[in-house]
>>> print(open('target-v2.pdb').read())   # PDB, C-alpha atoms
ATOM      1  CA  MET A   1     158.861 104.318 242.251
ATOM      2  CA  ASN A   2     155.799 106.096 240.833
ATOM      3  CA  VAL A   3     153.584 106.469 243.877
ATOM      4  CA  ILE A   4     151.508 108.850 245.968
ATOM      5  CA  ILE A   5     152.139 109.436 249.674
ATOM      6  CA  ASN A   6     149.672 110.832 252.187
ATOM      7  CA  VAL A   7     152.034 113.253 253.931
ATOM      8  CA  TYR A   8     151.148 115.194 257.078
ATOM      9  CA  LYS A   9     152.683 118.646 256.783
ATOM     10  CA  PRO A  10     153.618 120.112 260.172
ATOM     11  CA  SER A  11     152.895 123.725 261.050
ATOM     12  CA  GLY A  12     155.744 126.192 260.668
ATOM     13  CA  VAL A  13     157.220 124.886 257.413
ATOM     14  CA  SER A  14     156.205 125.497 253.819
ATOM     15  CA  SER A  15     154.652 122.938 251.491
ATOM     16  CA  PHE A  16     157.781 123.196 249.321
ATOM     17  CA  GLN A  17     160.047 122.390 252.284
ATOM     18  CA  THR A  18     157.889 119.394 253.185
ATOM     19  CA  VAL A  19     157.924 118.023 249.638
ATOM     20  CA  ASN A  20     161.666 118.579 249.370
ATOM     21  CA  LYS A  21     162.213 116.639 252.616
ATOM     22  CA  VAL A  22     160.188 113.694 251.274
ATOM     23  CA  LYS A  23     162.053 113.845 247.958
ATOM     24  CA  LYS A  24     165.414 113.591 249.729
ATOM     25  CA  LEU A  25     164.245 110.747 251.973
ATOM     26  CA  LEU A  26     163.135 108.732 248.938
ATOM     27  CA  GLY A  27     165.980 109.738 246.632
ATOM     28  CA  ALA A  28     163.304 110.534 244.051
ATOM     29  CA  ASP A  29     163.891 112.367 240.776
ATOM     30  CA  LYS A  30     160.707 114.381 241.053
ATOM     31  CA  CYS A  31     158.076 115.139 243.692
ATOM     32  CA  GLY A  32     155.113 117.466 243.760
ATOM     33  CA  HIS A  33     152.176 118.227 246.046
ATOM     34  CA  THR A  34     148.512 118.559 245.148
ATOM     35  CA  GLY A  35     147.665 121.935 246.677
ATOM     36  CA  THR A  36     149.633 124.372 248.809
ATOM     37  CA  LEU A  37     149.168 124.636 252.549
ATOM     38  CA  ASP A  38     150.346 127.886 254.146
ATOM     39  CA  PRO A  39     153.295 127.578 256.569
ATOM     40  CA  LEU A  40     150.895 128.284 259.464
ATOM     41  CA  ALA A  41     148.638 125.398 258.431
ATOM     42  CA  GLU A  42     149.196 121.701 259.026
ATOM     43  CA  GLY A  43     147.588 118.528 257.784
ATOM     44  CA  VAL A  44     147.091 116.373 254.726
ATOM     45  CA  LEU A  45     149.429 117.159 251.812
ATOM     46  CA  PRO A  46     149.382 114.359 249.210
ATOM     47  CA  VAL A  47     152.777 114.095 247.507
ATOM     48  CA  CYS A  48     153.172 112.545 244.064
ATOM     49  CA  VAL A  49     156.489 110.865 243.286
ATOM     50  CA  ASN A  50     158.187 110.651 239.870
ATOM     51  CA  GLN A  51     155.687 109.827 237.093
ATOM     52  CA  ALA A  52     152.792 110.035 239.542
ATOM     53  CA  THR A  53     153.238 113.830 239.371
ATOM     54  CA  LYS A  54     151.310 113.653 236.074
ATOM     55  CA  PHE A  55     148.178 112.941 238.122
ATOM     56  CA  ALA A  56     148.534 115.864 240.550
ATOM     57  CA  ASP A  57     145.867 117.972 238.819
ATOM     58  CA  TYR A  58     143.321 115.160 239.051
ATOM     59  CA  ILE A  59     143.931 114.685 242.770
ATOM     60  CA  MET A  60     143.898 118.453 243.289
ATOM     61  CA  ASP A  61     140.319 118.573 241.983
ATOM     62  CA  SER A  62     139.110 116.636 245.008
ATOM     63  CA  GLU A  63     136.967 118.024 247.819
ATOM     64  CA  LYS A  64     138.867 119.320 250.861
ATOM     65  CA  GLU A  65     137.992 119.374 254.544
ATOM     66  CA  TYR A  66     139.500 121.784 257.061
ATOM     67  CA  VAL A  67     139.285 122.490 260.769
ATOM     68  CA  ALA A  68     139.879 126.202 261.293
ATOM     69  CA  GLU A  69     140.261 128.217 264.470
ATOM     70  CA  LEU A  70     139.312 131.883 264.328
ATOM     71  CA  CYS A  71     139.794 134.666 266.830
ATOM     72  CA  PHE A  72     137.447 137.663 266.968
ATOM     73  CA  GLY A  73     138.432 141.249 267.614
ATOM     74  CA  LYS A  74     141.198 141.949 265.099
ATOM     75  CA  LYS A  75     141.805 142.093 261.335
ATOM     76  CA  THR A  76     145.297 141.412 259.939
ATOM     77  CA  ASP A  77     146.857 142.055 256.546
ATOM     78  CA  THR A  78     147.478 138.323 255.991
ATOM     79  CA  MET A  79     144.060 137.352 257.422
ATOM     80  CA  ASP A  80     145.820 135.076 259.932
ATOM     81  CA  LYS A  81     147.814 135.376 263.148
ATOM     82  CA  THR A  82     151.135 135.896 261.343
ATOM     83  CA  GLY A  83     150.127 139.278 259.925
ATOM     84  CA  SER A  84     150.222 142.887 261.059
ATOM     85  CA  ILE A  85     147.103 144.218 262.754
ATOM     86  CA  LEU A  86     145.060 146.525 260.529
ATOM     87  CA  GLU A  87     142.155 147.200 262.888
ATOM     88  CA  GLU A  88     140.962 146.203 266.364
ATOM     89  CA  ARG A  89     137.541 146.091 267.978
ATOM     90  CA  PRO A  90     138.293 144.959 271.544
ATOM     91  CA  HIS A  91     134.840 145.803 272.949
ATOM     92  CA  CYS A  92     132.785 144.076 270.241
ATOM     93  CA  LYS A  93     131.114 140.785 271.106
ATOM     94  CA  ILE A  94     128.949 138.235 269.259
ATOM     95  CA  ASP A  95     127.109 135.368 270.944
ATOM     96  CA  GLU A  96     127.067 131.765 269.733
ATOM     97  CA  GLU A  97     123.465 131.809 268.498
ATOM     98  CA  LYS A  98     124.020 134.878 266.347
ATOM     99  CA  PHE A  99     127.227 133.417 264.930
ATOM    100  CA  ARG A 100     125.464 130.150 264.053
ATOM    101  CA  LYS A 101     122.839 132.141 262.153
ATOM    102  CA  LEU A 102     125.588 133.975 260.281
ATOM    103  CA  LEU A 103     127.181 130.672 259.193
ATOM    104  CA  GLU A 104     123.925 129.675 257.461
ATOM    105  CA  ASN A 105     124.634 132.357 254.837
ATOM    106  CA  PHE A 106     128.013 130.867 253.938
ATOM    107  CA  THR A 107     127.189 127.611 252.189
ATOM    108  CA  GLY A 108     126.993 127.290 248.422
ATOM    109  CA  ASP A 109     128.848 129.685 246.114
ATOM    110  CA  VAL A 110     130.652 132.322 248.180
ATOM    111  CA  ASN A 111     132.656 135.202 246.724
ATOM    112  CA  LEU A 112     135.897 135.554 248.689
ATOM    113  CA  LYS A 113     138.963 137.747 248.494
ATOM    114  CA  VAL A 114     142.129 136.128 247.214
ATOM    115  CA  PRO A 115     144.630 137.018 249.964
ATOM    116  CA  SER A 116     147.324 139.425 248.818
ATOM    117  CA  TYR A 117     149.769 137.267 250.793
ATOM    118  CA  SER A 118     149.162 134.149 248.705
ATOM    119  CA  ALA A 119     150.984 132.196 245.999
ATOM    120  CA  VAL A 120     148.539 133.132 243.231
ATOM    121  CA  LYS A 121     150.266 134.742 240.237
ATOM    122  CA  LEU A 122     149.459 138.286 239.099
ATOM    123  CA  ASN A 123     151.084 139.311 235.830
ATOM    124  CA  GLY A 124     153.589 136.499 236.214
ATOM    125  CA  GLU A 125     154.650 137.289 239.792
ATOM    126  CA  ARG A 126     153.506 135.766 243.084
ATOM    127  CA  ALA A 127     151.002 137.959 244.912
ATOM    128  CA  TYR A 128     152.860 137.752 248.231
ATOM    129  CA  LYS A 129     155.980 139.217 246.615
ATOM    130  CA  LEU A 130     153.972 142.158 245.283
ATOM    131  CA  ALA A 131     152.301 142.603 248.681
ATOM    132  CA  ARG A 132     155.642 142.681 250.480
ATOM    133  CA  LYS A 133     156.757 145.467 248.137
ATOM    134  CA  GLY A 134     153.526 147.347 248.844
ATOM    135  CA  GLU A 135     152.415 147.123 245.213
ATOM    136  CA  ILE A 136     149.023 145.490 245.881
ATOM    137  CA  GLU A 137     146.454 145.560 248.666
ATOM    138  CA  ASP A 138     144.399 142.637 247.388
ATOM    139  CA  ALA A 139     144.601 140.007 244.658
ATOM    140  CA  GLY A 140     141.009 140.107 243.456
ATOM    141  CA  TYR A 141     138.129 137.768 244.240
ATOM    142  CA  ARG A 142     137.299 134.121 243.612
ATOM    143  CA  THR A 143     134.017 132.242 243.895
ATOM    144  CA  SER A 144     134.393 129.170 246.083
ATOM    145  CA  LYS A 145     131.899 126.444 246.827
ATOM    146  CA  ILE A 146     131.408 125.868 250.550
ATOM    147  CA  LYS A 147     129.646 122.521 250.813
ATOM    148  CA  GLU A 148     129.291 122.333 254.577
ATOM    149  CA  MET A 149     130.267 124.397 257.601
ATOM    150  CA  GLU A 150     129.881 123.160 261.176
ATOM    151  CA  LEU A 151     130.610 125.048 264.375
ATOM    152  CA  LEU A 152     132.628 122.632 266.515
ATOM    153  CA  SER A 153     133.167 124.925 269.482
ATOM    154  CA  PHE A 154     132.509 128.516 270.533
ATOM    155  CA  GLU A 155     134.163 130.232 273.495
ATOM    156  CA  PHE A 156     134.333 133.897 272.588
ATOM    157  CA  PRO A 157     136.662 135.264 271.295
ATOM    158  CA  VAL A 158     137.610 131.878 269.785
ATOM    159  CA  ALA A 159     135.526 129.629 267.515
ATOM    160  CA  VAL A 160     136.415 126.391 265.733
ATOM    161  CA  LEU A 161     134.833 125.423 262.402
ATOM    162  CA  ARG A 162     134.812 122.293 260.249
ATOM    163  CA  ILE A 163     134.587 123.235 256.574
ATOM    164  CA  ARG A 164     134.068 121.103 253.450
ATOM    165  CA  CYS A 165     134.823 122.968 250.240
ATOM    166  CA  ASN A 166     136.126 122.748 246.704
ATOM    167  CA  LYS A 167     139.725 123.292 245.638
ATOM    168  CA  GLY A 168     141.126 126.806 245.660
ATOM    169  CA  THR A 169     139.195 127.967 248.726
ATOM    170  CA  TYR A 170     141.199 130.288 250.953
ATOM    171  CA  ILE A 171     139.995 129.496 254.464
ATOM    172  CA  ARG A 172     141.642 132.590 255.955
ATOM    173  CA  SER A 173     139.692 134.704 253.474
ATOM    174  CA  LEU A 174     136.478 132.996 254.602
ATOM    175  CA  VAL A 175     137.396 133.718 258.237
ATOM    176  CA  ASP A 176     138.156 137.343 257.371
ATOM    177  CA  ARG A 177     134.750 137.772 255.759
ATOM    178  CA  LEU A 178     132.977 136.067 258.653
ATOM    179  CA  GLY A 179     134.698 138.544 260.942
ATOM    180  CA  ASP A 180     133.594 141.498 258.832
ATOM    181  CA  GLU A 181     129.969 140.368 258.687
ATOM    182  CA  SER A 182     129.874 139.581 262.395
ATOM    183  CA  GLY A 183     130.836 143.181 263.054
ATOM    184  CA  CYS A 184     133.653 142.071 265.351
ATOM    185  CA  LEU A 185     136.422 141.347 262.829
ATOM    186  CA  ALA A 186     138.378 138.068 262.948
ATOM    187  CA  TYR A 187     141.582 136.414 261.843
ATOM    188  CA  MET A 188     142.529 132.760 261.393
ATOM    189  CA  SER A 189     144.547 131.554 264.372
ATOM    190  CA  GLY A 190     144.974 127.912 263.322
ATOM    191  CA  LEU A 191     144.239 125.585 260.413
ATOM    192  CA  VAL A 192     144.329 121.832 259.835
ATOM    193  CA  ARG A 193     143.516 120.179 256.500
ATOM    194  CA  SER A 194     141.881 117.007 257.735
ATOM    195  CA  SER A 195     141.216 115.451 254.331
ATOM    196  CA  ASN A 196     141.914 115.891 250.636
ATOM    197  CA  GLY A 197     139.680 113.639 248.562
ATOM    198  CA  SER A 198     140.419 110.060 249.608
ATOM    199  CA  PHE A 199     143.402 111.121 251.752
ATOM    200  CA  HIS A 200     142.598 111.454 255.454
ATOM    201  CA  MET A 201     144.572 112.733 258.411
ATOM    202  CA  LYS A 202     144.304 109.439 260.319
ATOM    203  CA  ASP A 203     146.151 107.646 257.502
ATOM    204  CA  SER A 204     148.853 110.276 256.945
ATOM    205  CA  PHE A 205     152.582 110.129 257.697
ATOM    206  CA  SER A 206     154.775 112.978 258.905
ATOM    207  CA  PRO A 207     158.228 113.315 257.298
ATOM    208  CA  GLY A 208     159.708 111.940 260.528
ATOM    209  CA  GLU A 209     157.440 108.881 260.398
ATOM    210  CA  ILE A 210     158.336 108.318 256.746
ATOM    211  CA  GLU A 211     162.026 108.410 257.653
ATOM    212  CA  LYS A 212     161.502 105.769 260.353
ATOM    213  CA  CYS A 213     159.504 103.557 257.962
ATOM    214  CA  ILE A 214     162.334 103.674 255.414
ATOM    215  CA  GLU A 215     164.893 102.827 258.103
ATOM    216  CA  ASN A 216     162.795  99.761 258.991
ATOM    217  CA  GLY A 217     162.331  98.718 255.360
ATOM    218  CA  ASP A 218     158.583  99.400 255.568
ATOM    219  CA  TYR A 219     157.223 101.046 252.413
ATOM    220  CA  SER A 220     153.528 100.524 253.103
ATOM    221  CA  PHE A 221     153.070 104.311 253.227
ATOM    222  CA  MET A 222     153.399 104.363 249.413
ATOM    223  CA  LYS A 223     150.207 104.016 247.385
ATOM    224  CA  ASN A 224     149.827 103.137 243.719
ATOM    225  CA  VAL A 225     148.181 105.739 241.512
ATOM    226  CA  ASN A 226     145.519 103.341 240.242
ATOM    227  CA  ASP A 227     144.533 102.460 243.819
ATOM    228  CA  ILE A 228     144.045 106.147 244.657
ATOM    229  CA  LEU A 229     142.209 107.315 241.550
ATOM    230  CA  ASN A 230     140.285 104.093 241.022
ATOM    231  CA  TRP A 231     139.729 104.831 237.317
ATOM    232  CA  PRO A 232     138.396 102.093 235.031
ATOM    233  CA  VAL A 233     140.979 100.228 232.979
ATOM    234  CA  ALA A 234     141.010  99.828 229.209
ATOM    235  CA  VAL A 235     143.194  96.991 227.885
ATOM    236  CA  VAL A 236     144.908  97.285 224.499
ATOM    237  CA  LYS A 237     145.760  94.394 222.242
ATOM    238  CA  ASP A 238     149.434  93.606 221.693
ATOM    239  CA  GLU A 239     149.323  94.842 218.103
ATOM    240  CA  ALA A 240     148.175  98.311 219.285
ATOM    241  CA  VAL A 241     150.880  98.809 221.922
ATOM    242  CA  ASP A 242     153.601 100.271 219.697
ATOM    243  CA  ALA A 243     151.262 102.882 218.247
ATOM    244  CA  LEU A 244     149.994 103.758 221.722
ATOM    245  CA  MET A 245     153.531 104.218 223.050
ATOM    246  CA  ASN A 246     154.083 106.741 220.261
ATOM    247  CA  GLY A 247     151.059 108.687 221.425
ATOM    248  CA  ASN A 248     148.617 107.365 218.839
ATOM    249  CA  ALA A 249     145.259 106.460 220.343
ATOM    250  CA  PRO A 250     143.948 103.042 219.229
ATOM    251  CA  ASP A 251     140.598 102.818 217.509
ATOM    252  CA  LYS A 252     137.862 100.678 219.049
ATOM    253  CA  GLN A 253     139.160  97.489 217.460
ATOM    254  CA  GLY A 254     142.547  98.009 219.176
ATOM    255  CA  TYR A 255     141.112  97.280 222.619
ATOM    256  CA  LEU A 256     140.484  93.927 224.223
ATOM    257  CA  LYS A 257     138.591  95.599 227.088
ATOM    258  CA  LEU A 258     136.865  98.981 226.787
ATOM    259  CA  PRO A 259     134.439  99.797 229.657
ATOM    260  CA  LEU A 260     133.413 103.239 228.373
ATOM    261  CA  GLU A 261     130.252 103.281 230.467
ATOM    262  CA  GLN A 262     132.293 103.270 233.707
ATOM    263  CA  GLY A 263     133.787 106.769 233.603
ATOM    264  CA  ASP A 264     135.454 109.626 231.754
ATOM    265  CA  ASN A 265     139.128 109.021 232.612
ATOM    266  CA  PHE A 266     140.849 105.683 231.966
ATOM    267  CA  PHE A 267     144.082 103.894 232.666
ATOM    268  CA  ILE A 268     145.271 102.097 229.537
ATOM    269  CA  GLN A 269     147.206  98.914 230.171
ATOM    270  CA  ASN A 270     148.648  96.010 228.205
ATOM    271  CA  LEU A 271     147.826  92.319 228.543
ATOM    272  CA  LYS A 272     150.510  91.978 231.241
ATOM    273  CA  GLY A 273     148.632  94.419 233.470
ATOM    274  CA  GLU A 274     151.199  97.216 233.079
ATOM    275  CA  ILE A 275     149.798 100.754 232.858
ATOM    276  CA  LEU A 276     151.110 102.295 229.654
ATOM    277  CA  ALA A 277     149.106 105.528 229.529
ATOM    278  CA  PHE A 278     146.014 107.331 230.677
ATOM    279  CA  GLY A 279     143.362 109.068 228.636
ATOM    280  CA  ARG A 280     139.987 110.739 228.471
ATOM    281  CA  LYS A 281     136.811 109.408 226.884
ATOM    282  CA  MET A 282     135.923 110.928 223.529
ATOM    283  CA  LYS A 283     132.362 111.200 222.222
ATOM    284  CA  ARG A 284     131.427 110.581 218.618
ATOM    285  CA  SER A 285     134.940 109.564 217.595
ATOM    286  CA  ARG A 286     136.334 106.422 216.027
ATOM    287  CA  LYS A 287     139.070 106.638 218.673
ATOM    288  CA  PRO A 288     137.110 106.247 221.908
ATOM    289  CA  ILE A 289     139.888 107.373 224.284
ATOM    290  CA  LYS A 290     142.113 110.393 223.752
ATOM    291  CA  VAL A 291     145.621 109.668 225.040
ATOM    292  CA  VAL A 292     146.618 112.311 227.614
ATOM    293  CA  LYS A 293     149.940 110.895 228.760
ATOM    294  CA  VAL A 294     152.101 107.929 227.779
ATOM    295  CA  PHE A 295     154.515 106.448 230.301
ATOM    296  CA  LYS A 296     157.757 105.475 228.579
ATOM    297  CA  ASN A 297     158.706 103.700 231.777
ATOM    298  CA  LYS A 298     155.599 101.701 232.606
ATOM    299  CA  LEU A 299     153.721 102.931 235.675
TER
END
>>> encode(input="target-v2.pdb", output="structure tokens")
Amino acid sequence: MNVIINVYKPSGVSSFQTVNKVKKLLGADKCGHTGTLDPLAEGVLPVCVNQATKFADYIMDSEKEYVAELCFGKKTDTMDKTGSILEERPHCKIDEEKFRKLLENFTGDVNLKVPSYSAVKLNGERAYKLARKGEIEDAGYRTSKIKEMELLSFEFPVAVLRIRCNKGTYIRSLVDRLGDESGCLAYMSGLVRSSNGSFHMKDSFSPGEIEKCIENGDYSFMKNVNDILNWPVAVVKDEAVDALMNGNAPDKQGYLKLPLEQGDNFFIQNLKGEILAFGRKMKRSRKPIKVVKVFKNKL
């Protein structure tokens, strides 16, 4: 069982708790997610099972889409509704037209605070642990790429945004900055991750739904890694398999099929169609694919 599952994380539980629930339901040896969602947030949380965890970084690189609700008038220390209020501006107001104009300045590369109450590591310790001890007020800044931002609804003091962005974007930090620049302050009052790369909310399964599927003997919620990543496949000759399984990349003559023009990352399989490894294309080398990971138990 080396698969990826499009899990829908409910609000109110951590990403770790959600992954652990899935792991227990499947009786898996290892599970991992592809990007933390805060306990407040809900939505798409792809979970990699067993050897599929080796591909988590590649899935994590994918574009994300969020639907975020923000509330004007207050700033909190966590930048969301779970935090303590730092400042209030109850008499401030911004109209929809002015807010739409403000959003135009927030596409492209945007420098955002890394929330002090986040899982990022500072000197080997999680930022939120340092923040709880009062040892930090912020965790620095990070440049994020906001690809698209759409105002879905506006009924002051509440607005709802759809945001497409790259990995590592803290939506609550974006909301906090929007609040500052509006002059009215704001905090994130709700968040849904509606998609993560090829994983979409409409195709996701809550832990409860996964449990019911298992009870009914329905495992269609599991997806093969090669179906998700859709990488080109290089096929090795039988005489090159033993060397490959020992981590030695075949030279060009060791492949029966080598579609180098189709991408940068490749699954490497044998003549039986079993995936033995994956690798990255090398330029100007007699070994055209560098082996990144070999699967002792075929994927």
>>> resolve_selection(input="target-v2.pdb", expression="the PyMOL selection byres ((chain A and resi 4) around 10)", output="mmCIF file with C-alpha atoms, in the coordinates of the input")
data_model
loop_
_atom_site.group_PDB
_atom_site.id
_atom_site.type_symbol
_atom_site.label_atom_id
_atom_site.label_comp_id
_atom_site.auth_asym_id
_atom_site.auth_seq_id
_atom_site.Cartn_x
_atom_site.Cartn_y
_atom_site.Cartn_z
ATOM 1 C CA MET A 1 158.861 104.318 242.251
ATOM 2 C CA ASN A 2 155.799 106.096 240.833
ATOM 3 C CA VAL A 3 153.584 106.469 243.877
ATOM 4 C CA ILE A 5 152.139 109.436 249.674
ATOM 5 C CA ASN A 6 149.672 110.832 252.187
ATOM 6 C CA VAL A 7 152.034 113.253 253.931
ATOM 7 C CA CYS A 31 158.076 115.139 243.692
ATOM 8 C CA GLY A 32 155.113 117.466 243.760
ATOM 9 C CA HIS A 33 152.176 118.227 246.046
ATOM 10 C CA PRO A 46 149.382 114.359 249.210
ATOM 11 C CA VAL A 47 152.777 114.095 247.507
ATOM 12 C CA CYS A 48 153.172 112.545 244.064
ATOM 13 C CA VAL A 49 156.489 110.865 243.286
ATOM 14 C CA ASN A 50 158.187 110.651 239.870
ATOM 15 C CA GLN A 51 155.687 109.827 237.093
ATOM 16 C CA ALA A 52 152.792 110.035 239.542
ATOM 17 C CA THR A 53 153.238 113.830 239.371
ATOM 18 C CA PHE A 55 148.178 112.941 238.122
ATOM 19 C CA ALA A 56 148.534 115.864 240.550
ATOM 20 C CA PHE A 221 153.070 104.311 253.227
ATOM 21 C CA MET A 222 153.399 104.363 249.413
ATOM 22 C CA LYS A 223 150.207 104.016 247.385
ATOM 23 C CA ASN A 224 149.827 103.137 243.719
ATOM 24 C CA VAL A 225 148.181 105.739 241.512
ATOM 25 C CA ASN A 226 145.519 103.341 240.242
ATOM 26 C CA ASP A 227 144.533 102.460 243.819
ATOM 27 C CA ILE A 228 144.045 106.147 244.657
#
>>> atom_distance(input="target-v2.pdb", atom1="atom CA of A:Phe266", atom2="atom CA of A:Asn196")
21.3 Å
>>> closest_residue(input="target-v2.pdb", among="A:Asp29, A:Glu148, A:Glu239, A:Asp218", to="A:Glu63", atoms="all atoms listed in the file")
A:Glu148
>>> residues_around(input="target-v2.pdb", residues="A:Asp180", least_positions_apart="3", cutoff="12 Å", atoms="only C-alpha atoms", output="ChimeraX atom specification")
/A:72-76,79,87-89,92,94,99,102,112,173-177,183-187
>>> closest_residue(input="target-v2.pdb", among="A:Lys54, A:Lys23, A:Lys9, A:Arg100", to="A:Ala277", atoms="only C-alpha atoms")
A:Lys54
>>> resolve_selection(input="target-v2.pdb", expression="the PyMOL selection byres ((chain A and resi 44) around 6)", output="list in words")
Val7, Tyr8, Gly43, Leu45, Arg193, Ser195 and Met201 of chain A
>>> resolve_selection(input="target-v2.pdb", expression="the PyMOL selection byres ((chain A and resi 97) around 12)", output="ChimeraX atom specification")
/A:94-96,98-104,151,153-156,182
>>> atom_distance(input="target-v2.pdb", atom1="atom CA of A:Leu258", atom2="atom CA of A:Ile289")
9.3 Å
>>> closest_residue(input="target-v2.pdb", among="A:Lys167, A:Lys252, A:Lys281, A:Lys113", to="A:Leu37", atoms="only C-alpha atoms")
A:Lys167
>>> residues_around(input="target-v2.pdb", residues="stretch 273-276 of chain A", least_positions_apart="3", cutoff="12 Å", atoms="all atoms listed in the file", output="PyMOL selection string")
chain A and resi 2+51-52+224-226+231-238+240-247+249+257+266-270+279+291-299
>>> write_last_selection(input="target-v2.pdb", atoms="C-alpha atoms", output="PDB file, keeping the file's coordinate frame")
ATOM      1  CA  ASN A   2     155.799 106.096 240.833  1.00  0.00           C
ATOM      2  CA  GLN A  51     155.687 109.827 237.093  1.00  0.00           C
ATOM      3  CA  ALA A  52     152.792 110.035 239.542  1.00  0.00           C
ATOM      4  CA  ASN A 224     149.827 103.137 243.719  1.00  0.00           C
ATOM      5  CA  VAL A 225     148.181 105.739 241.512  1.00  0.00           C
ATOM      6  CA  ASN A 226     145.519 103.341 240.242  1.00  0.00           C
ATOM      7  CA  TRP A 231     139.729 104.831 237.317  1.00  0.00           C
ATOM      8  CA  PRO A 232     138.396 102.093 235.031  1.00  0.00           C
ATOM      9  CA  VAL A 233     140.979 100.228 232.979  1.00  0.00           C
ATOM     10  CA  ALA A 234     141.010  99.828 229.209  1.00  0.00           C
ATOM     11  CA  VAL A 235     143.194  96.991 227.885  1.00  0.00           C
ATOM     12  CA  VAL A 236     144.908  97.285 224.499  1.00  0.00           C
ATOM     13  CA  LYS A 237     145.760  94.394 222.242  1.00  0.00           C
ATOM     14  CA  ASP A 238     149.434  93.606 221.693  1.00  0.00           C
ATOM     15  CA  ALA A 240     148.175  98.311 219.285  1.00  0.00           C
ATOM     16  CA  VAL A 241     150.880  98.809 221.922  1.00  0.00           C
ATOM     17  CA  ASP A 242     153.601 100.271 219.697  1.00  0.00           C
ATOM     18  CA  ALA A 243     151.262 102.882 218.247  1.00  0.00           C
ATOM     19  CA  LEU A 244     149.994 103.758 221.722  1.00  0.00           C
ATOM     20  CA  MET A 245     153.531 104.218 223.050  1.00  0.00           C
ATOM     21  CA  ASN A 246     154.083 106.741 220.261  1.00  0.00           C
ATOM     22  CA  GLY A 247     151.059 108.687 221.425  1.00  0.00           C
ATOM     23  CA  ALA A 249     145.259 106.460 220.343  1.00  0.00           C
ATOM     24  CA  LYS A 257     138.591  95.599 227.088  1.00  0.00           C
ATOM     25  CA  PHE A 266     140.849 105.683 231.966  1.00  0.00           C
ATOM     26  CA  PHE A 267     144.082 103.894 232.666  1.00  0.00           C
ATOM     27  CA  ILE A 268     145.271 102.097 229.537  1.00  0.00           C
ATOM     28  CA  GLN A 269     147.206  98.914 230.171  1.00  0.00           C
ATOM     29  CA  ASN A 270     148.648  96.010 228.205  1.00  0.00           C
ATOM     30  CA  GLY A 279     143.362 109.068 228.636  1.00  0.00           C
ATOM     31  CA  VAL A 291     145.621 109.668 225.040  1.00  0.00           C
ATOM     32  CA  VAL A 292     146.618 112.311 227.614  1.00  0.00           C
ATOM     33  CA  LYS A 293     149.940 110.895 228.760  1.00  0.00           C
ATOM     34  CA  VAL A 294     152.101 107.929 227.779  1.00  0.00           C
ATOM     35  CA  PHE A 295     154.515 106.448 230.301  1.00  0.00           C
ATOM     36  CA  LYS A 296     157.757 105.475 228.579  1.00  0.00           C
ATOM     37  CA  ASN A 297     158.706 103.700 231.777  1.00  0.00           C
ATOM     38  CA  LYS A 298     155.599 101.701 232.606  1.00  0.00           C
ATOM     39  CA  LEU A 299     153.721 102.931 235.675  1.00  0.00           C
TER      40      LEU A 299
END
>>> closest_residue(input="target-v2.pdb", among="A:Leu70, A:Leu25, A:Ser62, A:Ser14", to="A:Pro207", atoms="only C-alpha atoms")
A:Leu25
>>> residues_around(input="target-v2.pdb", residues="A:Thr143", least_positions_apart="4", cutoff="12 Å", atoms="only C-alpha atoms", output="PyMOL selection string")
chain A and resi 106-114+165-170+173-174
>>> closest_residue(input="target-v2.pdb", among="A:Asp57, A:Asp203, A:Glu65, A:Asp38", to="A:Asp80", atoms="only C-alpha atoms")
A:Asp38
>>> residues_near_point(input="target-v2.pdb", point="(139.3, 125.7, 260.9)", cutoff="9 Å", atoms="all atoms listed in the file", output="VMD selection string")
chain A and resid 66 to 70 159 to 163 171 to 172 175 188 to 193
>>> atom_distance(input="target-v2.pdb", atom1="atom CA of A:Leu271", atom2="atom CA of A:Leu256")
8.7 Å
>>> axis_aligned_box(input="target-v2.pdb", around="stretch 169-188 of chain A", padding_each_side="6 Å", output="AutoDock Vina command-line options")
--center_x 136.2 --center_y 135.6 --center_z 257.0 --size_x 24.7 --size_y 27.2 --size_z 28.6
>>> closest_residue(input="target-v2.pdb", among="A:Ser220, A:Ser198, A:Thr82, A:Asp61", to="A:Gly12", atoms="all atoms listed in the file")
A:Thr82
>>> decode(input="target-v2.pdb", residues="stretch 18-24 of chain A", atoms="N, CA and C atoms", output="compact mmCIF listing (two decimals), in the first residue's frame")
# COMPACT_ATOMS: atom_id res chain seq x y z
N THR A 18 -4.95 14.57 12.05
CA THR A 18 -5.67 14.04 10.89
C THR A 18 -4.88 12.92 10.23
N VAL A 19 -3.58 13.14 10.04
CA VAL A 19 -2.73 12.12 9.43
C VAL A 19 -2.68 10.88 10.31
N ASN A 20 -2.59 11.07 11.61
CA ASN A 20 -2.51 9.94 12.53
C ASN A 20 -3.80 9.11 12.49
N LYS A 21 -4.94 9.79 12.32
CA LYS A 21 -6.23 9.09 12.21
C LYS A 21 -6.25 8.22 10.96
N VAL A 22 -5.79 8.78 9.84
CA VAL A 22 -5.75 8.04 8.57
C VAL A 22 -4.79 6.85 8.70
N LYS A 23 -3.65 7.08 9.32
CA LYS A 23 -2.66 6.01 9.50
C LYS A 23 -3.25 4.84 10.27
N LYS A 24 -4.00 5.13 11.32
CA LYS A 24 -4.61 4.06 12.13
C LYS A 24 -5.70 3.33 11.35
